[in-house]
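Shown next: model-v7.cif, containing mmCIF, C-alpha atoms.
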```cif
data_protein
#
loop_
_atom_site.group_PDB
_atom_site.id
_atom_site.type_symbol
_atom_site.label_atom_id
_atom_site.label_comp_id
_atom_site.auth_asym_id
_atom_site.auth_seq_id
_atom_site.Cartn_x
_atom_site.Cartn_y
_atom_site.Cartn_z
ATOM 1 C CA ASP A 202 -15.132 6.281 -2.049
ATOM 2 C CA ALA A 203 -13.803 5.969 1.494
ATOM 3 C CA GLY A 204 -11.067 3.551 0.500
ATOM 4 C CA VAL A 205 -10.217 0.358 2.342
ATOM 5 C CA ILE A 206 -11.344 0.558 5.956
ATOM 6 C CA GLN A 207 -9.652 -1.365 8.741
ATOM 7 C CA SER A 208 -10.468 -1.675 12.408
ATOM 8 C CA PRO A 209 -9.220 -1.370 14.988
ATOM 9 C CA ARG A 210 -6.314 0.936 14.123
ATOM 10 C CA HIS A 211 -4.396 -0.133 17.218
ATOM 11 C CA GLU A 212 -4.727 -3.251 19.313
ATOM 12 C CA VAL A 213 -2.811 -4.135 22.449
ATOM 13 C CA THR A 214 -3.458 -7.539 23.937
ATOM 14 C CA GLU A 215 -1.852 -10.113 26.157
ATOM 15 C CA MET A 216 -0.319 -13.351 25.028
ATOM 16 C CA GLY A 217 -2.895 -16.098 24.681
ATOM 17 C CA GLN A 218 -5.807 -13.806 23.897
ATOM 18 C CA GLU A 219 -7.848 -13.966 20.711
ATOM 19 C CA VAL A 220 -7.418 -11.079 18.292
ATOM 20 C CA THR A 221 -9.804 -10.222 15.460
ATOM 21 C CA LEU A 222 -8.881 -7.711 12.779
ATOM 22 C CA ARG A 223 -11.523 -6.374 10.406
ATOM 23 C CA CYS A 224 -11.502 -5.062 6.866
ATOM 24 C CA LYS A 225 -14.001 -3.470 4.516
ATOM 25 C CA PRO A 226 -12.714 -3.431 0.921
ATOM 26 C CA ILE A 227 -13.499 -0.830 -1.705
ATOM 27 C CA SER A 228 -16.935 -1.439 -3.175
ATOM 28 C CA GLY A 229 -16.747 -3.318 -6.472
ATOM 29 C CA HIS A 230 -13.329 -4.817 -5.832
ATOM 30 C CA ASP A 231 -13.236 -8.577 -6.288
ATOM 31 C CA TYR A 232 -9.873 -9.300 -4.678
ATOM 32 C CA LEU A 233 -8.984 -8.883 -1.014
ATOM 33 C CA PHE A 234 -5.533 -9.356 0.466
ATOM 34 C CA TRP A 235 -4.202 -9.598 4.024
ATOM 35 C CA TYR A 236 -0.576 -8.608 4.606
ATOM 36 C CA ARG A 237 1.696 -8.422 7.637
ATOM 37 C CA GLN A 238 4.541 -5.920 7.888
ATOM 38 C CA THR A 239 7.469 -6.105 10.292
ATOM 39 C CA MET A 240 10.890 -4.503 10.330
ATOM 40 C CA MET A 241 12.585 -7.867 10.033
ATOM 41 C CA ARG A 242 10.474 -9.490 7.315
ATOM 42 C CA GLY A 243 8.990 -6.541 5.456
ATOM 43 C CA LEU A 244 5.561 -6.820 3.832
ATOM 44 C CA GLU A 245 4.356 -10.401 3.566
ATOM 45 C CA LEU A 246 1.195 -11.686 1.926
ATOM 46 C CA LEU A 247 -0.767 -13.889 4.307
ATOM 47 C CA ILE A 248 -3.839 -14.805 2.271
ATOM 48 C CA TYR A 249 -5.978 -13.488 -0.550
ATOM 49 C CA PHE A 250 -9.575 -13.924 -1.658
ATOM 50 C CA ASN A 251 -11.283 -13.696 -5.031
ATOM 51 C CA ASN A 252 -15.036 -13.163 -4.936
ATOM 52 C CA ASN A 253 -15.041 -14.099 -1.235
ATOM 53 C CA VAL A 254 -13.264 -17.413 -1.855
ATOM 54 C CA PRO A 255 -9.771 -17.987 -0.372
ATOM 55 C CA ILE A 256 -7.362 -18.541 -3.267
ATOM 56 C CA ASP A 257 -3.951 -18.755 -1.647
ATOM 57 C CA ASP A 258 -3.315 -19.071 2.082
ATOM 58 C CA SER A 259 0.257 -20.313 1.808
ATOM 59 C CA GLY A 260 1.487 -17.229 3.641
ATOM 60 C CA MET A 261 -0.527 -17.897 6.782
ATOM 61 C CA PRO A 262 2.179 -18.633 9.331
ATOM 62 C CA GLU A 263 0.409 -21.140 11.549
ATOM 63 C CA ASP A 264 -2.922 -22.714 12.347
ATOM 64 C CA ARG A 265 -3.348 -19.987 14.935
ATOM 65 C CA PHE A 266 -4.174 -17.676 12.033
ATOM 66 C CA SER A 267 -7.473 -17.860 10.187
ATOM 67 C CA ALA A 268 -9.258 -15.553 7.754
ATOM 68 C CA LYS A 269 -12.791 -15.356 6.503
ATOM 69 C CA MET A 270 -14.727 -13.336 3.984
ATOM 70 C CA PRO A 271 -18.446 -13.966 4.580
ATOM 71 C CA ASN A 272 -19.508 -11.393 1.984
ATOM 72 C CA ALA A 273 -18.068 -8.954 -0.554
ATOM 73 C CA SER A 274 -17.859 -6.087 1.906
ATOM 74 C CA PHE A 275 -16.270 -7.662 4.966
ATOM 75 C CA SER A 276 -13.323 -9.808 5.959
ATOM 76 C CA THR A 277 -11.707 -10.826 9.241
ATOM 77 C CA LEU A 278 -8.275 -12.054 10.221
ATOM 78 C CA LYS A 279 -8.224 -13.909 13.510
ATOM 79 C CA ILE A 280 -5.279 -14.946 15.664
ATOM 80 C CA GLN A 281 -6.000 -17.445 18.422
ATOM 81 C CA PRO A 282 -4.067 -17.713 20.652
ATOM 82 C CA SER A 283 -1.908 -14.644 20.061
ATOM 83 C CA GLU A 284 1.840 -14.608 20.761
ATOM 84 C CA PRO A 285 4.348 -11.729 21.140
ATOM 85 C CA ARG A 286 5.936 -12.610 17.771
ATOM 86 C CA ASP A 287 2.610 -11.787 16.107
ATOM 87 C CA SER A 288 3.223 -8.115 16.899
ATOM 88 C CA ALA A 289 3.220 -6.299 13.553
ATOM 89 C CA VAL A 290 1.175 -4.003 11.353
ATOM 90 C CA TYR A 291 -1.515 -5.898 9.489
ATOM 91 C CA PHE A 292 -2.744 -4.424 6.209
ATOM 92 C CA CYS A 293 -5.776 -5.233 4.180
ATOM 93 C CA ALA A 294 -5.790 -4.371 0.464
ATOM 94 C CA SER A 295 -8.301 -4.756 -2.342
ATOM 95 C CA SER A 296 -8.244 -4.587 -6.124
ATOM 96 C CA GLN A 297 -10.581 -4.796 -9.061
ATOM 97 C CA ARG A 298 -10.966 -7.984 -11.057
ATOM 98 C CA ILE A 299 -9.102 -6.731 -14.104
ATOM 99 C CA HIS A 300 -6.374 -4.829 -12.262
ATOM 100 C CA GLN A 301 -5.364 -7.179 -9.518
ATOM 101 C CA ASP A 302 -1.860 -5.798 -9.506
ATOM 102 C CA THR A 303 -3.187 -2.348 -8.602
ATOM 103 C CA GLN A 304 -3.875 -2.931 -4.963
ATOM 104 C CA TYR A 305 -5.319 -0.289 -2.670
ATOM 105 C CA PHE A 306 -4.173 -0.600 0.905
ATOM 106 C CA GLY A 307 -5.980 0.278 4.092
ATOM 107 C CA PRO A 308 -4.331 2.254 6.903
ATOM 108 C CA GLY A 309 -3.356 -0.913 8.773
ATOM 109 C CA THR A 310 -3.882 -2.279 12.270
ATOM 110 C CA ARG A 311 -0.918 -2.002 14.600
ATOM 111 C CA LEU A 312 -0.990 -5.086 16.819
ATOM 112 C CA THR A 313 1.052 -5.400 19.984
ATOM 113 C CA VAL A 314 0.971 -8.681 21.881
ATOM 114 C CA LEU A 315 2.478 -8.402 25.364
ATOM 115 C CA GLN B 163 18.319 -15.232 -0.067
ATOM 116 C CA LYS B 164 15.142 -13.217 -0.534
ATOM 117 C CA GLU B 165 13.339 -13.330 -3.847
ATOM 118 C CA VAL B 166 13.397 -9.512 -4.060
ATOM 119 C CA GLU B 167 16.274 -7.503 -2.589
ATOM 120 C CA GLN B 168 16.136 -3.816 -1.748
ATOM 121 C CA ASP B 169 18.592 -1.664 0.178
ATOM 122 C CA PRO B 170 16.819 -0.489 3.356
ATOM 123 C CA GLY B 171 18.636 2.856 3.430
ATOM 124 C CA PRO B 172 18.050 5.406 4.796
ATOM 125 C CA LEU B 173 18.846 7.467 1.738
ATOM 126 C CA SER B 174 19.230 11.144 2.581
ATOM 127 C CA VAL B 175 19.324 13.770 -0.187
ATOM 128 C CA PRO B 176 18.976 17.562 -0.362
ATOM 129 C CA GLU B 177 15.825 19.058 -1.811
ATOM 130 C CA GLY B 178 15.987 19.258 -5.608
ATOM 131 C CA ALA B 179 18.344 16.303 -5.981
ATOM 132 C CA ILE B 180 17.618 13.167 -7.973
ATOM 133 C CA VAL B 181 16.661 10.147 -5.893
ATOM 134 C CA SER B 182 17.724 6.806 -7.320
ATOM 135 C CA LEU B 183 16.192 3.605 -5.968
ATOM 136 C CA ASN B 184 16.565 0.037 -7.150
ATOM 137 C CA CYS B 185 15.633 -3.572 -6.579
ATOM 138 C CA THR B 186 17.119 -6.834 -7.748
ATOM 139 C CA TYR B 187 15.222 -10.078 -8.040
ATOM 140 C CA SER B 188 15.908 -13.728 -8.694
ATOM 141 C CA ASN B 189 12.655 -15.011 -10.217
ATOM 142 C CA SER B 190 12.898 -14.713 -14.005
ATOM 143 C CA ALA B 191 9.141 -15.292 -14.273
ATOM 144 C CA PHE B 192 8.344 -11.839 -12.870
ATOM 145 C CA GLN B 193 6.717 -9.719 -15.568
ATOM 146 C CA TYR B 194 4.824 -6.973 -13.740
ATOM 147 C CA PHE B 195 6.756 -4.438 -11.717
ATOM 148 C CA MET B 196 5.470 -1.805 -9.367
ATOM 149 C CA TRP B 197 6.693 0.859 -7.002
ATOM 150 C CA TYR B 198 4.714 1.729 -3.906
ATOM 151 C CA ARG B 199 5.228 4.713 -1.606
ATOM 152 C CA GLN B 200 4.515 4.363 2.085
ATOM 153 C CA TYR B 201 4.378 7.317 4.438
ATOM 154 C CA SER B 202 4.974 6.731 8.132
ATOM 155 C CA ARG B 203 2.066 4.926 9.803
ATOM 156 C CA LYS B 204 0.135 4.694 6.526
ATOM 157 C CA GLY B 205 -0.584 1.934 4.040
ATOM 158 C CA PRO B 206 1.433 1.657 0.825
ATOM 159 C CA GLU B 207 0.060 3.454 -2.244
ATOM 160 C CA LEU B 208 0.813 2.589 -5.859
ATOM 161 C CA LEU B 209 3.213 4.996 -7.535
ATOM 162 C CA MET B 210 4.291 3.359 -10.791
ATOM 163 C CA TYR B 211 3.289 0.239 -12.700
ATOM 164 C CA THR B 212 5.313 -1.302 -15.534
ATOM 165 C CA TYR B 213 4.900 -4.408 -17.641
ATOM 166 C CA SER B 214 8.028 -6.241 -18.823
ATOM 167 C CA SER B 215 11.165 -4.296 -19.758
ATOM 168 C CA GLY B 216 11.513 -0.645 -20.621
ATOM 169 C CA ASN B 217 10.982 2.786 -19.175
ATOM 170 C CA LYS B 218 7.911 4.601 -17.953
ATOM 171 C CA GLU B 219 7.687 8.238 -16.991
ATOM 172 C CA ASP B 220 5.047 9.995 -14.915
ATOM 173 C CA GLY B 221 5.784 13.558 -13.964
ATOM 174 C CA ARG B 222 8.877 13.621 -11.768
ATOM 175 C CA PHE B 223 8.981 9.815 -11.554
ATOM 176 C CA THR B 224 10.685 7.414 -13.974
ATOM 177 C CA ALA B 225 10.599 3.640 -13.622
ATOM 178 C CA GLN B 226 13.025 1.397 -15.476
ATOM 179 C CA VAL B 227 12.988 -2.364 -15.848
ATOM 180 C CA ASP B 228 15.913 -4.439 -17.099
ATOM 181 C CA LYS B 229 14.735 -8.037 -17.165
ATOM 182 C CA SER B 230 18.019 -9.322 -18.564
ATOM 183 C CA SER B 231 19.764 -8.101 -15.419
ATOM 184 C CA LYS B 232 16.785 -8.727 -13.127
ATOM 185 C CA TYR B 233 17.034 -5.127 -11.982
ATOM 186 C CA ILE B 234 14.463 -2.370 -11.636
ATOM 187 C CA SER B 235 14.908 1.283 -10.790
ATOM 188 C CA LEU B 236 12.882 4.299 -9.748
ATOM 189 C CA PHE B 237 14.141 7.841 -10.223
ATOM 190 C CA ILE B 238 12.611 10.888 -8.590
ATOM 191 C CA ARG B 239 13.630 14.200 -10.152
ATOM 192 C CA ASP B 240 13.536 17.535 -8.363
ATOM 193 C CA SER B 241 12.914 15.782 -5.054
ATOM 194 C CA GLN B 242 10.751 17.510 -2.460
ATOM 195 C CA PRO B 243 10.514 17.087 1.325
ATOM 196 C CA SER B 244 7.063 15.584 0.697
ATOM 197 C CA ASP B 245 8.811 12.722 -1.123
ATOM 198 C CA SER B 246 10.241 11.586 2.213
ATOM 199 C CA ALA B 247 8.786 8.116 2.655
ATOM 200 C CA THR B 248 9.598 4.438 2.316
ATOM 201 C CA TYR B 249 9.568 3.153 -1.252
ATOM 202 C CA LEU B 250 8.756 -0.500 -1.854
ATOM 203 C CA CYS B 251 9.209 -2.358 -5.093
ATOM 204 C CA ALA B 252 6.776 -5.156 -5.883
ATOM 205 C CA MET B 253 6.471 -7.666 -8.684
ATOM 206 C CA SER B 254 4.323 -10.524 -9.918
ATOM 207 C CA GLU B 255 4.622 -13.339 -12.423
ATOM 208 C CA ALA B 256 1.415 -12.498 -14.264
ATOM 209 C CA ALA B 257 -1.626 -10.293 -14.036
ATOM 210 C CA GLY B 258 -3.806 -11.827 -11.400
ATOM 211 C CA ASN B 259 -0.937 -13.284 -9.407
ATOM 212 C CA LYS B 260 0.117 -12.297 -5.950
ATOM 213 C CA LEU B 261 2.729 -9.611 -5.395
ATOM 214 C CA THR B 262 6.166 -10.142 -3.894
ATOM 215 C CA PHE B 263 7.499 -7.038 -2.163
ATOM 216 C CA GLY B 264 11.000 -5.804 -1.481
ATOM 217 C CA GLY B 265 11.820 -4.716 2.046
ATOM 218 C CA GLY B 266 11.582 -1.022 1.206
ATOM 219 C CA THR B 267 14.059 1.868 1.092
ATOM 220 C CA ARG B 268 13.557 4.795 3.444
ATOM 221 C CA VAL B 269 14.141 8.140 1.747
ATOM 222 C CA LEU B 270 14.629 11.467 3.485
ATOM 223 C CA VAL B 271 14.628 14.672 1.455
ATOM 224 C CA LYS B 272 16.066 17.536 3.457
ATOM 225 C CA PRO B 273 14.877 21.105 2.768
#
```

Show this structure as structure tokens.
Amino acid sequence: DAGVIQSPRHEVTEMGQEVTLRCKPISGHDYLFWYRQTMMRGLELLIYFNNNVPIDDSGMPEDRFSAKMPNASFSTLKIQPSEPRDSAVYFCASSQRIHQDTQYFGPGTRLTVL
Amino acid sequence: QKEVEQDPGPLSVPEGAIVSLNCTYSNSAFQYFMWYRQYSRKGPELLMYTYSSGNKEDGRFTAQVDKSSKYISLFIRDSQPSDSATYLCAMSEAAGNKLTFGGGTRVLVKP
């Protein structure tokens, strides 16, 4: 298996622009997680899905952030409009139904908002 | 105060030494404890997984959980330069619940 795939790997954008991050989970995994990692705040859970349904979005910082999972093999995290404080590494992770605590992380998207 | 506390380091040791890492937490409902390893510019990968209190050994790695003290540890024996990475502890209240991560400890093993 190719593992969790994220795109793009790097994104540089200007303040106010829309940013869309993409994730393809491991086939057969029922849970998908979006995390944000910064030096100051560490690794924070933003939202997670079970069988394509959002279960907990309490970590989403503001209404500027939205996430969707239209099918079992694809998810997006959108920031609109983006701000410099959104600069971080965004990770997607997935896990199997029975072993939710064993999460497999993607390589991350490094986002820089100028 | 953060729910999970972890010394950010860096922790520098000579090759072959024992690396000792730990986390403290405040939520007594945590039951599942994990250690993840993260290499520079990579995603975290699961290293050890422990349920409730006790010890677990896997090769050069030993994880310990002391729920009475709300304290978990990871020991790396015979450390190698390839062990140089950031180590994050993570925990959850129950299987199927979301993980809460520590901030990570950066470890450098010098040849």

Using only C-alpha atoms, determine which residues of chain A fall within 6 Å of chain B; present them as a short mmCIF file (atom, residue, chain, number, x, y, z; two decimals) with C-alpha atoms, keeping the file's coordinate frame.
```cif
data_model
loop_
_atom_site.label_atom_id
_atom_site.label_comp_id
_atom_site.auth_asym_id
_atom_site.auth_seq_id
_atom_site.Cartn_x
_atom_site.Cartn_y
_atom_site.Cartn_z
CA GLY A 243 8.99 -6.54 5.46
CA GLN A 301 -5.36 -7.18 -9.52
CA PHE A 306 -4.17 -0.60 0.90
CA GLY A 307 -5.98 0.28 4.09
CA PRO A 308 -4.33 2.25 6.90
#
```

Taking all atoms of segment 231-238 of chain A that the file lists and extending 4 Å past them on each side, where is the centre of the axis-aligned box and how long are its edges? Answer in Å to one decimal, as lines of an AutoDock Vina configuration file.
```
center_x = -4.3
center_y = -7.8
center_z = 0.8
size_x = 25.8
size_y = 11.7
size_z = 22.2
```

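Considering the residues A:Ala203, A:Ile256, A:Ala289, A:Ala294 and counting all atoms listed in the file, Cys224 of chain A has its shortest atom-to-atom contact with A:Ala294.
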
Residue among A:Leu246, A:Val220, A:Val213, A:Ile206 lying closest to Val314 of chain A, counting only C-alpha atoms: A:Val213

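Nearest to Thr313 of chain A of all the residues A:Ser228, A:Arg210, A:Phe275, A:Met270 is A:Arg210, counting all atoms listed in the file.
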
Closest of B:Asn217, B:Thr212, B:Ser202, B:Ser190 to Ser230 of chain B - atom-to-atom distances counting all atoms listed in the file: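 Using all atoms listed in the file, the shortest distance to Ser230 of chain B belongs to B:Ser190.
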
d(atom CA of Pro285 of chain A, atom CA of Asp169 of chain B) in Å: 27.3 Å

Atomic distance atom CA of Lys229 of chain B - atom CA of Val181 of chain B, expressed in Å with one decimal: 21.5 Å

Residues within 10 Å of (-2.8, -15.8, -3.6), counting all atoms listed in the file, listed as a list in words: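 Result, sorted by chain then residue number: Tyr232, Leu233, Phe234, Trp235, Leu246, Leu247, Ile248, Tyr249, Phe250, Asn251, Pro255, Ile256, Asp257, Asp258, Ser259 and Gly260 of chain A; Gly258, Asn259, Lys260 and Leu261 of chain B.
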
Atom CA of Arg268 of chain B to atom CA of Ser246 of chain B, distance in Å rounded to a single decimal: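 So the answer is 7.7 Å.
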
Counting only C-alpha atoms, the option among A:Gln281, A:Lys269, A:Tyr236, A:Thr310 closest to Ser295 of chain A: A:Tyr236

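If you measure from each of B:Thr267, B:Asn189, B:Val166, B:Ile180 to Arg222 of chain B using only C-alpha atoms, the closest one turns out to be B:Ile180.
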
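Listed by chain and then by number, the residues chosen by the PyMOL selection byres ((chain A and resi 291) around 7) in this file are Tyr236, Arg237, Gln238, Ala289, Val290, Phe292, Cys293, Gly309, Thr310 and Arg311 of chain A.
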
The PyMOL selection byres ((chain A and resi 215) around 7) applied to the shown file, residues as a count of residues only: 6

Who sits within 8 Å of Phe266 of chain A, all atoms listed in the file, same chain under 5 positions skipped, as an MDAnalysis selection string: chainID A and resid 261 278:281

Residues within 10 Å of Asp228 of chain B, all atoms listed in the file, excluding chain neighbours under 3 positions, as a PyMOL selection string: chain B and resi 186+214-217+231-235

Expected selection from the PyMOL selection byres ((chain B and resi 245) around 8), given as a ChimeraX atom specification: /B:241-244,246-247,269-271
